[in-house]
$ cat query_9.cif   # mmCIF, C-alpha atoms
data_start
loop_
_atom_site.label_atom_id
_atom_site.label_comp_id
_atom_site.auth_asym_id
_atom_site.auth_seq_id
_atom_site.Cartn_x
_atom_site.Cartn_y
_atom_site.Cartn_z
CA MET A 148 70.83 150.70 13.29
CA VAL A 149 74.19 150.69 11.52
CA ASP A 150 74.83 147.62 9.43
CA ILE A 151 78.33 146.45 10.23
CA SER A 152 79.91 143.47 8.55
CA ILE A 153 83.24 142.45 10.05
CA ALA A 154 85.07 142.60 6.72
CA ASP A 155 84.14 146.25 6.17
CA ALA A 156 84.43 147.33 9.83
CA THR A 157 87.16 149.63 10.98
CA VAL A 158 89.20 148.78 14.08
CA GLU A 159 87.26 151.43 16.07
CA GLN A 160 83.96 149.92 15.10
CA ILE A 161 85.08 146.44 16.16
CA ILE A 162 86.32 147.75 19.52
CA ALA A 163 83.04 149.60 20.03
CA ASN A 164 81.14 146.43 19.18
CA GLN A 165 83.12 144.41 21.66
CA LYS A 166 82.58 147.03 24.37
CA GLY A 167 78.89 146.68 23.75
CA LEU A 168 79.05 142.92 24.19
CA VAL A 169 81.05 143.36 27.40
CA ALA A 170 78.36 145.73 28.69
CA ILE A 171 75.65 143.18 27.85
CA GLY A 172 77.66 140.49 29.66
CA ALA A 173 78.04 142.73 32.72
CA GLY A 174 74.33 143.50 32.66
CA LEU A 175 73.44 139.81 32.46
CA ALA A 176 75.84 139.01 35.33
CA VAL A 177 74.14 141.51 37.64
CA GLY A 178 70.62 140.94 36.36
CA LEU A 179 70.53 137.15 36.46
CA SER A 180 72.30 136.94 39.79
CA GLY A 181 69.82 139.54 41.10
CA ILE A 182 66.90 137.36 40.03
CA ALA A 183 68.56 134.32 41.61
CA SER A 184 69.01 136.21 44.88
CA GLY A 185 65.41 137.28 44.75
CA ILE A 186 64.17 133.71 44.30
CA ALA A 187 66.33 132.52 47.17
CA GLU A 188 65.38 135.41 49.44
CA LYS A 189 61.65 135.22 48.95
CA ASP A 190 61.30 131.93 50.82
CA ILE A 191 63.77 132.88 53.53
CA GLY A 192 62.14 136.27 53.94
CA ALA A 193 58.67 134.75 54.21
CA ALA A 194 59.93 132.23 56.76
CA ALA A 195 61.73 134.96 58.73
CA VAL A 196 58.58 137.08 58.89
CA GLY A 197 56.59 134.04 59.99
CA ALA A 198 59.02 133.23 62.78
CA MET A 199 59.22 136.88 63.79
CA ALA A 200 55.44 137.17 64.02
CA GLU A 201 55.57 134.64 66.85
CA ARG A 202 58.89 135.59 68.46
CA GLU A 203 60.02 139.13 68.01
CA GLU A 204 63.51 138.37 69.29
CA LEU A 205 64.17 136.45 66.08
CA PHE A 206 64.30 139.71 64.14
CA ALA A 207 68.12 139.94 64.06
CA LYS A 208 68.61 136.31 63.11
CA GLY A 209 65.87 136.52 60.51
CA LEU A 210 67.39 139.60 58.96
CA ILE A 211 70.85 138.04 58.72
CA LEU A 212 69.53 134.82 57.21
CA THR A 213 67.40 136.77 54.75
CA VAL A 214 70.36 138.71 53.33
CA ILE A 215 72.71 135.74 53.01
CA PRO A 216 71.62 135.01 49.40
CA GLU A 217 72.52 138.63 48.71
CA THR A 218 76.07 137.33 48.27
CA ILE A 219 75.00 135.83 44.93
CA VAL A 220 74.22 139.23 43.49
CA ILE A 221 77.46 140.61 44.93
CA PHE A 222 79.37 137.93 43.02
CA GLY A 223 77.48 139.04 39.91
CA LEU A 224 78.38 142.65 40.61
CA VAL A 225 82.07 141.75 41.07
CA ILE A 226 82.08 139.92 37.74
CA ALA A 227 80.39 142.89 36.10
CA ILE A 228 82.99 145.30 37.52
CA LEU A 229 85.83 143.01 36.41
CA LEU A 230 84.33 142.83 32.92
CA ILE A 231 83.94 146.56 32.55
CA PHE A 232 87.13 147.85 34.17
CA LEU A 233 89.69 145.18 33.34
CA MET B 225 58.29 130.57 36.36
CA ALA B 226 55.43 128.10 36.50
CA PHE B 227 57.62 125.39 38.01
CA LEU B 228 58.22 127.59 41.05
CA ILE B 229 54.52 127.98 41.69
CA LYS B 230 53.85 124.34 40.96
CA ARG B 231 56.28 123.24 43.61
CA GLY B 232 54.11 125.08 46.08
CA SER B 233 57.20 126.43 47.77
CA LYS B 234 55.82 129.91 48.14
CA LYS B 235 52.98 128.76 50.37
CA TYR B 236 54.92 126.87 52.98
CA PRO B 237 57.99 128.82 54.20
CA TYR B 238 55.92 131.40 56.06
CA ILE B 239 53.49 129.06 57.72
CA THR B 240 56.01 126.35 58.62
CA ALA B 241 58.46 128.84 60.13
CA ARG B 242 55.65 130.44 62.11
CA VAL B 243 54.34 127.10 63.28
CA ARG B 244 57.83 126.03 64.34
CA ALA B 245 58.13 129.24 66.35
CA MET B 246 54.75 128.43 67.91
CA LYS B 247 55.95 124.92 68.67
CA SER B 248 58.96 126.32 70.51
CA LYS B 249 56.50 127.99 72.87
CA LEU B 250 54.88 124.72 73.91
CA MET B 251 55.69 123.33 77.33
CA LEU B 252 58.96 121.52 77.57
CA ARG B 253 59.12 117.92 78.61
CA GLU B 254 60.84 118.90 81.87
CA VAL B 255 57.88 121.01 82.96
CA TYR B 256 55.52 118.07 83.49
CA PRO B 257 57.39 116.53 86.44
CA LYS B 258 57.36 119.99 88.02
CA LEU B 259 53.61 120.24 87.49
CA MET B 260 53.22 116.85 89.11
CA ASN B 261 54.74 118.21 92.29
CA MET B 262 52.36 121.15 92.52
CA ASP B 263 48.89 121.28 94.01
CA ILE B 264 45.92 122.49 91.98
CA ALA B 265 46.17 126.12 93.11
CA GLU B 266 49.84 126.19 92.15
CA ILE B 267 49.11 124.62 88.77
CA THR B 268 46.41 127.24 88.13
CA ARG B 269 48.92 129.96 88.97
CA PHE B 270 51.52 128.34 86.76
CA ILE B 271 49.08 128.16 83.86
CA GLU B 272 48.09 131.78 84.42
CA GLU B 273 51.68 132.75 83.80
CA SER B 274 52.10 130.64 80.69
CA GLU B 275 50.74 130.85 77.15
CA TYR B 276 47.26 130.30 78.57
CA LYS B 277 47.27 133.61 80.46
CA GLU B 278 44.89 135.38 78.11
CA ASN B 279 42.35 132.56 78.30
CA VAL B 280 42.58 132.25 82.08
CA ASP B 281 42.11 136.02 82.49
CA GLU B 282 39.15 136.02 80.17
CA LEU B 283 37.37 133.12 81.83
CA ALA B 284 38.32 133.84 85.45
CA GLN B 285 35.05 135.63 86.12
CA GLN B 286 32.88 132.75 84.98
CA TYR B 287 34.77 129.76 86.29
CA SER B 288 37.10 128.82 89.08
CA ASP B 289 39.62 126.12 90.01
CA ILE B 290 39.56 123.07 87.79
CA ASP B 291 36.70 124.29 85.61
CA LEU B 292 38.70 127.38 84.89
CA ILE B 293 41.72 125.37 83.80
CA GLU B 294 39.58 123.06 81.71
CA HIS B 295 37.83 125.89 79.91
CA ALA B 296 41.03 127.86 79.44
CA LEU B 297 42.71 124.82 77.91
CA ASN B 298 39.82 124.13 75.56
CA GLN B 299 39.52 127.75 74.54
CA ASN B 300 43.24 128.02 73.93
CA LEU B 301 43.24 124.87 71.83
CA ALA B 302 40.32 126.09 69.74
CA ARG B 303 41.89 129.51 69.26
CA THR B 304 45.25 128.03 68.31
CA TYR B 305 43.63 125.92 65.63
CA ARG B 306 41.58 128.84 64.37
CA LYS B 307 44.76 130.87 64.22
CA LEU B 308 46.36 128.21 62.05
CA GLN B 309 43.44 128.50 59.67
CA ARG B 310 43.70 132.27 59.70
CA ILE B 311 47.41 132.52 58.97
CA SER B 312 47.42 129.93 56.18
CA ARG B 313 45.98 130.14 52.71
CA ASP B 314 45.42 128.04 49.62
CA GLU B 315 46.64 124.49 49.93
CA PRO B 316 47.82 124.48 53.58
CA ASN B 317 44.58 126.15 54.60
CA PHE B 318 42.52 123.50 52.84
CA LEU B 319 44.49 120.68 54.46
CA ILE B 320 44.30 122.22 57.93
CA THR B 321 40.55 122.83 57.60
CA GLU B 322 39.90 119.28 56.46
CA TYR B 323 42.04 117.83 59.24
CA LEU B 324 40.36 119.97 61.89
CA ARG B 325 36.99 118.55 61.02
CA HIS B 326 37.71 115.82 63.52
CA TRP B 327 36.84 118.39 66.19
CA ASP B 328 33.43 118.77 64.59
CA ILE B 329 33.03 115.03 64.90
CA TRP B 330 34.22 115.20 68.51
CA ASN B 331 31.76 118.01 69.28
CA ILE B 332 28.79 116.33 67.64
CA LYS B 333 29.59 113.12 69.49
CA THR B 334 29.93 115.02 72.78
CA ILE B 335 26.61 116.76 72.31
CA LEU B 336 24.74 113.61 71.29
CA ARG B 337 26.30 111.65 74.11
CA GLY B 338 25.53 114.43 76.59
CA LYS B 339 21.92 114.57 75.45
CA ASN B 340 21.67 110.79 75.64
CA TYR B 341 22.66 110.83 79.31
CA GLY B 342 20.66 113.95 80.11
CA ALA B 343 23.62 116.23 80.82
CA ASP B 344 23.15 119.98 81.27
CA PRO B 345 24.08 122.23 78.35
CA GLU B 346 26.74 123.67 80.66
CA GLU B 347 28.32 120.28 81.24
CA ILE B 348 28.30 119.57 77.53
CA LEU B 349 29.95 122.88 76.77
CA ASP B 350 32.73 121.96 79.21
CA ALA B 351 33.86 119.29 76.81
CA VAL B 352 33.42 120.88 73.40
CA VAL B 353 36.37 122.35 71.54
CA ALA B 354 35.26 124.81 68.91
CA ALA B 355 38.18 124.16 66.59
CA GLY B 356 36.34 122.77 63.59
CA GLN B 357 33.88 124.35 61.22
CA LEU B 358 31.17 124.60 63.89
CA GLY B 359 31.83 127.74 65.92
CA TYR B 360 31.41 128.12 69.68
CA ARG B 361 28.18 130.09 69.32
CA GLN B 362 26.67 127.45 67.07
CA LEU B 363 27.75 124.71 69.46
CA THR B 364 26.27 126.59 72.42
CA GLU B 365 23.02 126.87 70.51
CA ILE B 366 22.98 123.18 69.58
CA SER B 367 23.86 121.98 73.06
CA GLY B 368 20.97 124.07 74.42
CA MET B 369 18.47 122.20 72.25
CA ASN B 370 16.36 119.57 73.89
CA SER B 371 15.04 117.35 71.15
CA ILE B 372 17.16 115.26 68.83
CA GLU B 373 15.08 116.49 65.90
CA ASP B 374 16.17 120.07 66.60
CA ILE B 375 19.81 119.02 66.79
CA LYS B 376 19.48 117.15 63.53
CA SER B 377 17.91 120.09 61.75
CA ALA B 378 20.61 122.40 63.13
CA LEU B 379 23.20 120.15 61.54
CA ALA B 380 21.24 119.63 58.33
CA LEU B 381 23.57 121.74 56.23
CA THR B 382 26.77 120.12 57.44
CA PRO B 383 28.47 117.22 55.68
CA TYR B 384 27.79 115.08 58.76
CA TYR B 385 24.04 115.08 58.27
CA PRO B 386 23.79 111.80 56.30
CA VAL B 387 25.15 109.92 59.32
CA ILE B 388 22.91 111.46 61.95
CA GLU B 389 19.87 111.66 59.68
CA ASP B 390 18.40 108.39 60.93
CA TYR B 391 19.47 108.77 64.55
CA ASP B 392 16.50 108.49 66.89
CA GLY B 393 18.14 108.36 70.29
CA ALA B 394 18.96 104.65 70.22
CA MET B 395 22.20 103.04 69.04
CA LEU B 396 24.39 106.05 69.66
CA SER B 397 27.53 103.96 69.28
CA ASP B 398 26.65 103.21 65.66
CA VAL B 399 26.31 106.90 64.91
CA GLU B 400 29.64 107.55 66.63
CA ASN B 401 31.41 104.89 64.56
CA ASN B 402 29.84 106.13 61.38
CA LEU B 403 30.87 109.70 62.14
CA ASP B 404 34.47 108.55 62.55
CA LYS B 405 34.31 106.58 59.35
CA LEU B 406 32.73 109.47 57.50
CA TYR B 407 35.47 111.80 58.66
CA TYR B 408 38.28 109.55 57.54
CA SER B 409 36.65 108.50 54.28
CA ARG B 410 36.04 112.16 53.40
CA LEU B 411 39.60 113.00 54.29
CA LEU B 412 41.10 110.12 52.34
CA ALA B 413 38.89 110.84 49.33
CA SER B 414 39.70 114.54 49.22
CA LEU B 415 43.46 114.08 49.47
CA GLY B 416 46.09 112.44 47.30
CA ARG B 417 46.32 114.60 44.21
CA THR B 418 49.31 116.83 44.93
CA LYS B 419 52.56 115.97 46.65
CA ALA B 420 51.53 117.86 49.79
CA GLU B 421 48.28 115.95 49.94
CA LYS B 422 50.12 112.67 49.55
CA LEU B 423 52.34 113.60 52.46
CA SER B 424 49.37 114.44 54.63
CA LEU B 425 47.86 111.09 53.69
CA LYS B 426 50.93 109.40 55.11
CA PHE B 427 50.33 111.11 58.43
CA ILE B 428 46.59 110.53 58.48
CA ARG B 429 46.81 106.87 57.50
CA THR B 430 49.29 106.23 60.30
CA GLU B 431 46.81 107.91 62.64
CA ILE B 432 44.15 105.48 61.39
CA ASP B 433 46.48 102.54 62.09
CA ILE B 434 47.05 103.72 65.63
CA LYS B 435 43.35 104.24 66.23
CA ASN B 436 42.60 100.78 64.88
CA LEU B 437 45.29 99.20 67.02
CA LYS B 438 43.84 100.80 70.14
CA THR B 439 40.35 99.62 69.20
CA LEU B 440 41.64 96.13 68.45
CA PHE B 441 43.39 95.90 71.81
CA ARG B 442 40.33 97.09 73.70
CA THR B 443 37.88 94.87 71.87
CA LYS B 444 40.13 91.83 71.90
CA LYS B 445 40.69 92.26 75.61
CA ALA B 446 36.92 92.41 76.11
CA ASP B 447 36.59 89.35 73.87
CA LEU B 448 34.04 90.85 71.51
CA ASP B 449 32.65 89.17 68.45
CA LYS B 450 34.46 89.61 65.13
CA THR B 451 31.54 91.35 63.39
CA ILE B 452 31.26 93.92 66.19
CA ILE B 453 34.99 94.56 66.10
CA LEU B 454 35.03 95.04 62.34
CA GLU B 455 32.30 97.64 62.60
CA LEU B 456 34.44 99.65 64.97
CA LEU B 457 37.53 99.64 62.76
CA ILE B 458 38.31 102.35 60.26
CA PRO B 459 39.53 101.24 56.82
CA GLY B 460 42.45 103.03 55.15
CA GLY B 461 45.44 102.42 57.41
CA VAL B 462 48.93 102.55 55.97
CA GLU B 463 50.29 99.30 57.31
CA ILE B 464 47.29 97.48 58.71
CA LYS B 465 45.10 97.20 55.63
CA THR B 466 41.52 95.93 55.45
CA THR B 467 42.61 92.30 54.94
CA ASP B 468 44.92 92.58 57.95
CA LEU B 469 42.09 94.06 60.00
CA ASN B 470 39.89 91.13 59.02
CA LYS B 471 42.59 88.70 60.03
CA LEU B 472 43.45 90.42 63.32
CA ALA B 473 39.81 90.78 64.32
CA SER B 474 39.19 87.06 64.02
CA LEU B 475 42.19 85.94 66.09
CA LYS B 476 42.22 84.96 69.74
CA TRP B 477 43.96 87.29 72.21
CA SER B 478 47.24 85.36 72.36
CA ASP B 479 47.32 84.76 68.59
CA PHE B 480 46.44 88.40 68.05
CA LEU B 481 49.50 89.48 70.01
CA LYS B 482 51.64 87.05 68.07
CA ALA B 483 50.29 88.35 64.74
CA LEU B 484 51.17 91.91 65.72
CA GLU B 485 54.84 90.97 65.64
CA ASP B 486 54.70 91.26 61.85
CA TYR B 487 54.01 94.99 61.95
CA SER B 488 56.45 97.80 62.59
CA TYR B 489 54.37 98.97 65.57
CA TRP B 490 55.57 95.91 67.43
CA SER B 491 58.91 97.64 68.07
CA VAL B 492 57.19 99.99 70.49
CA LEU B 493 54.50 97.62 71.69
CA SER B 494 56.75 94.68 72.56
CA ASP B 495 57.85 96.19 75.89
CA VAL B 496 54.40 96.78 77.27
CA VAL B 497 52.28 94.05 75.73
CA SER B 498 51.96 90.55 77.09
CA VAL B 499 49.32 87.84 77.16
CA LYS B 500 48.63 88.47 80.83
CA MET B 501 48.49 92.26 80.71
CA ASP B 502 45.74 93.74 82.90
CA SER B 503 45.71 97.36 81.95
CA LEU B 504 45.74 98.78 78.43
CA MET B 505 46.94 102.17 79.64
CA ASP B 506 50.59 101.53 78.85
CA MET B 507 49.74 100.34 75.36
CA GLU B 508 47.75 103.51 74.60
CA ALA B 509 50.52 105.71 75.97
CA VAL B 510 53.25 104.06 73.88
CA LEU B 511 51.12 104.26 70.75
CA ASP B 512 50.48 107.95 71.35
CA LYS B 513 54.19 108.46 71.89
CA TYR B 514 54.88 106.59 68.69
CA ALA B 515 52.45 108.88 66.82
CA LEU B 516 54.20 111.90 68.26
CA ALA B 517 57.66 110.62 67.36
CA PHE B 518 56.50 109.64 63.88
CA ALA B 519 54.96 113.08 63.26
CA SER B 520 58.14 114.78 64.38
CA LYS B 521 60.31 112.48 62.27
CA ILE B 522 58.42 112.94 59.01
CA SER B 523 58.09 116.68 59.62
CA HIS B 524 61.90 116.78 59.54
CA TYR B 525 62.03 114.75 56.34
CA TYR B 526 59.79 117.25 54.59
CA PRO B 527 60.38 120.57 56.32
CA LEU B 528 58.56 122.71 53.75
CA SER B 529 55.31 120.80 53.72
CA ILE B 530 52.10 120.41 55.67
CA LEU B 531 53.72 117.90 58.01
CA PRO B 532 55.34 120.34 60.47
CA ILE B 533 51.88 121.89 60.88
CA PHE B 534 50.26 118.53 61.59
CA ASP B 535 53.11 117.79 63.96
CA TYR B 536 52.41 121.01 65.82
CA MET B 537 48.68 120.33 65.98
CA LEU B 538 49.33 116.91 67.47
CA ASN B 539 51.81 118.31 69.99
CA LYS B 540 49.44 121.05 71.03
CA GLU B 541 46.57 118.64 71.49
CA LEU B 542 48.73 116.37 73.60
CA GLU B 543 49.99 119.27 75.70
CA VAL B 544 46.42 120.21 76.55
CA ARG B 545 45.60 116.58 77.24
CA ASN B 546 48.62 116.18 79.51
CA ILE B 547 47.81 119.25 81.57
CA ARG B 548 44.21 118.10 81.87
CA THR B 549 45.37 114.63 82.91
CA ILE B 550 47.57 116.07 85.64
CA VAL B 551 44.86 118.39 86.93
CA ARG B 552 42.12 115.78 86.85
CA GLY B 553 44.46 113.22 88.37
CA LYS B 554 45.33 115.58 91.18
CA GLU B 555 41.68 116.29 91.76
CA ALA B 556 40.89 112.59 91.98
CA GLN B 557 43.93 112.21 94.27
CA LEU B 558 45.54 109.59 92.07
CA ALA B 559 49.06 108.47 92.83
CA ASP B 560 51.77 110.28 90.88
CA GLU B 561 52.80 107.04 89.24
CA ALA B 562 49.27 106.50 87.88
CA ILE B 563 49.13 110.03 86.49
CA ARG B 564 52.59 109.67 84.94
CA LYS B 565 51.48 106.59 83.06
CA HIS B 566 48.76 108.59 81.36
CA LEU B 567 51.06 111.37 80.24
CA VAL B 568 52.31 111.37 76.68
CA ILE B 569 55.68 113.08 76.75
#

$ encode --input "query_9.cif" --output "structure tokens"
Amino acid sequence: MVDISIADATVEQIIANQKGLVAIGAGLAVGLSGIASGIAEKDIGAAAVGAMAEREELFAKGLILTVIPETIVIFGLVIAILLIFL
Amino acid sequence: MAFLIKRGSKKYPYITARVRAMKSKLMLREVYPKLMNMDIAEITRFIEESEYKENVDELAQQYSDIDLIEHALNQNLARTYRKLQRISRDEPNFLITEYLRHWDIWNIKTILRGKNYGADPEEILDAVVAAGQLGYRQLTEISGMNSIEDIKSALALTPYYPVIEDYDGAMLSDVENNLDKLYYSRLLASLGRTKAEKLSLKFIRTEIDIKNLKTLFRTKKADLDKTIILELLIPGGVEIKTTDLNKLASLKWSDFLKALEDYSYWSVLSDVVSVKMDSLMDMEAVLDKYALAFASKISHYYPLSILPIFDYMLNKELEVRNIRTIVRGKEAQLADEAIRKHLVI
């Protein structure tokens, strides 16, 4: 662990520090939105399997409905990409 | 994370979605008029091609015609309820199991009544529905017993024993009333802690109201004494509380009808009830329809709860009852209009 105080830091060190924070932000964006998608999908997935157990023809509909919350994690991913590459 | 588990959400999506899919397989309202136009052989064929196929195939060797339909319907009902118990767990499973105990009560009553009138074990088995905690094999065994003592000892380990303990063959109606009361008091006492249990209470207490209303109509029409009527009523209704029951039981027929105007049930009863009414059939049918509509309505208010499951159970029971009504009506050569009045659709 390198002890950096802002007053003593060189410009390179500050940039490196900021890049690190950006990476943490990107990680949080993907990670938290992934957890959120998971929470949303678990109920829908369980319901889809339940409906499918009785009527197999509901497979396609169930699958589509189950992956709809996946959009949340895609938003997170987009934010992460924007953070890292822009 | 605890709040997610506490909400109980993880237990209900699977079972409610599955039950809704099962409900979509029930007979549509439009099918009943079609069934009314068929003769018994055609109805049997129709049922063979429906959800009851497996049961009809299985029982076809033992029974024929109406008996076959009757047994297939009962077996299907029992298996559907057992399936609900199988596919649920934790809280929904507990609630379903408790609710289904009313079939145990039904079966015990059927057996005791059958024995009282000297019916064959076969005839008794025609009417039992092994959907509660007592299985078909156990019920077959009990209905084969000849003495009341044997029946009592066979039921000694069940929660119903305290009621039948003193039964000696006389006063069967008392035992029947007490069994009903025991069932509802157990149910009401065991529920009410969690939100899901409170919701199921809402459903069950409305059921009690409807049962009490039917009893009140029948007993009032027969002009029975207040004390006898009160013994037949079940306490714990949602709208018609014990004080209301006391009041209603002591009124005369015309005043009784007038007093009913204060309750929300009057909105459905007002069309069919009058001081001079002869038959109570219409009243029972509208109350059953009200129960059905109420169950469906509250199951939409709380989609991820026990209520859609109760709604399905009620619908399934009424489907079986409707088919049986049509078949039995046809057998007795009743007019279509008379059969239609009995249907709850």

$ closest_atom_pairs --input "query_9.cif" --of "chain A" --to "chain B" --cutoff "10 Å" --atoms "all atoms listed in the file" --output "CSV"
residue,atom,partner,partner_atom,distance
A:Ile186,CA,B:Leu228,CA,9.1
A:Lys189,CA,B:Lys234,CA,7.9
A:Asp190,CA,B:Pro237,CA,5.7
A:Ile191,CA,B:Pro237,CA,7.1
A:Gly192,CA,B:Tyr238,CA,8.2
A:Ala193,CA,B:Tyr238,CA,4.7
A:Ala194,CA,B:Tyr238,CA,4.2
A:Ala195,CA,B:Ala241,CA,7.1
A:Val196,CA,B:Tyr238,CA,6.9
A:Gly197,CA,B:Arg242,CA,4.3
A:Ala198,CA,B:Arg242,CA,4.4
A:Met199,CA,B:Arg242,CA,7.6
A:Ala200,CA,B:Arg242,CA,7.0
A:Glu201,CA,B:Ala245,CA,6.0
A:Arg202,CA,B:Ala245,CA,6.7
A:Leu205,CA,B:Ala245,CA,9.4

$ residues_around --input "query_9.cif" --residues "Asp447 in chain B" --least-positions-apart "5" --cutoff "12 Å" --atoms "only C-alpha atoms" --output "ChimeraX atom specification"
/B:439-442,452-453,473-478,480

$ resolve_selection --input "query_9.cif" --expression "the PyMOL selection byres ((chain A and resi 229) around 12)" --output "PyMOL selection string"
chain A and resi 169-170+172-173+176-177+222-228+230-233

$ write_last_selection --input "query_9.cif" --atoms "C-alpha atoms" --output "short mmCIF file (atom, residue, chain, number, x, y, z; two decimals), in the coordinates of the input"
data_model
loop_
_atom_site.label_atom_id
_atom_site.label_comp_id
_atom_site.auth_asym_id
_atom_site.auth_seq_id
_atom_site.Cartn_x
_atom_site.Cartn_y
_atom_site.Cartn_z
CA VAL A 169 81.05 143.36 27.40
CA ALA A 170 78.36 145.73 28.69
CA GLY A 172 77.66 140.49 29.66
CA ALA A 173 78.04 142.73 32.72
CA ALA A 176 75.84 139.01 35.33
CA VAL A 177 74.14 141.51 37.64
CA PHE A 222 79.37 137.93 43.02
CA GLY A 223 77.48 139.04 39.91
CA LEU A 224 78.38 142.65 40.61
CA VAL A 225 82.07 141.75 41.07
CA ILE A 226 82.08 139.92 37.74
CA ALA A 227 80.39 142.89 36.10
CA ILE A 228 82.99 145.30 37.52
CA LEU A 230 84.33 142.83 32.92
CA ILE A 231 83.94 146.56 32.55
CA PHE A 232 87.13 147.85 34.17
CA LEU A 233 89.69 145.18 33.34
#

$ closest_atom_pairs --input "query_9.cif" --of "range 275-337 of chain B" --to "range 547-556 of chain B" --cutoff "12 Å" --atoms "only C-alpha atoms" --output "JSON lines"
{"residue": "B:Tyr276", "atom": "CA", "partner": "B:Ile547", "partner_atom": "CA", "distance": 11.5}
{"residue": "B:Asp289", "atom": "CA", "partner": "B:Val551", "partner_atom": "CA", "distance": 9.8}
{"residue": "B:Ile290", "atom": "CA", "partner": "B:Val551", "partner_atom": "CA", "distance": 7.1}
{"residue": "B:Asp291", "atom": "CA", "partner": "B:Val551", "partner_atom": "CA", "distance": 10.2}
{"residue": "B:Leu292", "atom": "CA", "partner": "B:Val551", "partner_atom": "CA", "distance": 11.1}
{"residue": "B:Ile293", "atom": "CA", "partner": "B:Arg548", "partner_atom": "CA", "distance": 7.9}
{"residue": "B:Glu294", "atom": "CA", "partner": "B:Arg548", "partner_atom": "CA", "distance": 6.8}
{"residue": "B:His295", "atom": "CA", "partner": "B:Arg548", "partner_atom": "CA", "distance": 10.3}
{"residue": "B:Ala296", "atom": "CA", "partner": "B:Arg548", "partner_atom": "CA", "distance": 10.5}
{"residue": "B:Leu297", "atom": "CA", "partner": "B:Arg548", "partner_atom": "CA", "distance": 7.9}
{"residue": "B:Asn298", "atom": "CA", "partner": "B:Arg548", "partner_atom": "CA", "distance": 9.8}

$ resolve_selection --input "query_9.cif" --expression "the PyMOL selection byres ((chain B and resi 280) around 10)" --output "list in words"
Thr268, Arg269, Ile271, Glu272, Glu273, Ser274, Glu275, Tyr276, Lys277, Glu278, Asn279, Asp281, Glu282, Leu283, Ala284, Gln285, Tyr287, Ser288, Leu292, Ile293, Glu294, His295, Ala296, Leu297, Gln299 and Asn300 of chain B

$ resolve_selection --input "query_9.cif" --expression "the PyMOL selection byres ((chain A and resi 181) around 10)" --output "number ranges by chain"
A: 175-180, 182-187, 216-224

$ atom_distance --input "query_9.cif" --atom1 "CA of Thr334 in chain B" --atom2 "CA of Leu250 in chain B"
26.8 Å

$ atom_distance --input "query_9.cif" --atom1 "CA of Val352 in chain B" --atom2 "CA of Asn331 in chain B"
5.3 Å

$ atom_distance --input "query_9.cif" --atom1 "CA of Asn340 in chain B" --atom2 "CA of Gly359 in chain B"
22.0 Å

$ residues_around --input "query_9.cif" --residues "Ser523 in chain B" --least-positions-apart "6" --cutoff "7 Å" --atoms "all atoms listed in the file" --output "PDB file with C-alpha atoms, keeping the file's coordinate frame"
ATOM      1  CA  LEU B 531      53.720 117.900  58.010  1.00  0.00           C
ATOM      2  CA  PRO B 532      55.340 120.340  60.470  1.00  0.00           C
ATOM      3  CA  ASP B 535      53.110 117.790  63.960  1.00  0.00           C
TER       4      ASP B 535
END

$ closest_residue --input "query_9.cif" --among "B:Leu396, B:Ala355, B:Leu319, B:Ala420" --to "Tyr341 in chain B" --atoms "all atoms listed in the file"
B:Leu396

$ residues_near_point --input "query_9.cif" --point "(42.9, 116.0, 68.0)" --cutoff "12 Å" --atoms "only C-alpha atoms" --output "CSV table (one decimal) with C-alpha atoms, in the coordinates of the input"
chain,number,residue,atom,x,y,z
B,298,ASN,CA,39.8,124.1,75.6
B,301,LEU,CA,43.2,124.9,71.8
B,302,ALA,CA,40.3,126.1,69.7
B,305,TYR,CA,43.6,125.9,65.6
B,320,ILE,CA,44.3,122.2,57.9
B,323,TYR,CA,42.0,117.8,59.2
B,324,LEU,CA,40.4,120.0,61.9
B,325,ARG,CA,37.0,118.6,61.0
B,326,HIS,CA,37.7,115.8,63.5
B,327,TRP,CA,36.8,118.4,66.2
B,328,ASP,CA,33.4,118.8,64.6
B,329,ILE,CA,33.0,115.0,64.9
B,330,TRP,CA,34.2,115.2,68.5
B,331,ASN,CA,31.8,118.0,69.3
B,352,VAL,CA,33.4,120.9,73.4
B,353,VAL,CA,36.4,122.4,71.5
B,354,ALA,CA,35.3,124.8,68.9
B,355,ALA,CA,38.2,124.2,66.6
B,356,GLY,CA,36.3,122.8,63.6
B,428,ILE,CA,46.6,110.5,58.5
B,431,GLU,CA,46.8,107.9,62.6
B,435,LYS,CA,43.4,104.2,66.2
B,512,ASP,CA,50.5,108.0,71.4
B,515,ALA,CA,52.4,108.9,66.8
B,534,PHE,CA,50.3,118.5,61.6
B,535,ASP,CA,53.1,117.8,64.0
B,536,TYR,CA,52.4,121.0,65.8
B,537,MET,CA,48.7,120.3,66.0
B,538,LEU,CA,49.3,116.9,67.5
B,539,ASN,CA,51.8,118.3,70.0
B,540,LYS,CA,49.4,121.0,71.0
B,541,GLU,CA,46.6,118.6,71.5
B,542,LEU,CA,48.7,116.4,73.6
B,543,GLU,CA,50.0,119.3,75.7
B,544,VAL,CA,46.4,120.2,76.6
B,545,ARG,CA,45.6,116.6,77.2

$ residues_around --input "query_9.cif" --residues "Ser494 in chain B" --least-positions-apart "4" --cutoff "10 Å" --atoms "all atoms listed in the file" --output "list in words"
Leu481, Leu484, Glu485, Tyr489, Trp490, Ser498 and Met507 of chain B

$ closest_residue --input "query_9.cif" --among "B:Leu252, B:Leu511, B:Arg429, B:Asp560" --to "Ile464 in chain B" --atoms "all atoms listed in the file"
B:Arg429
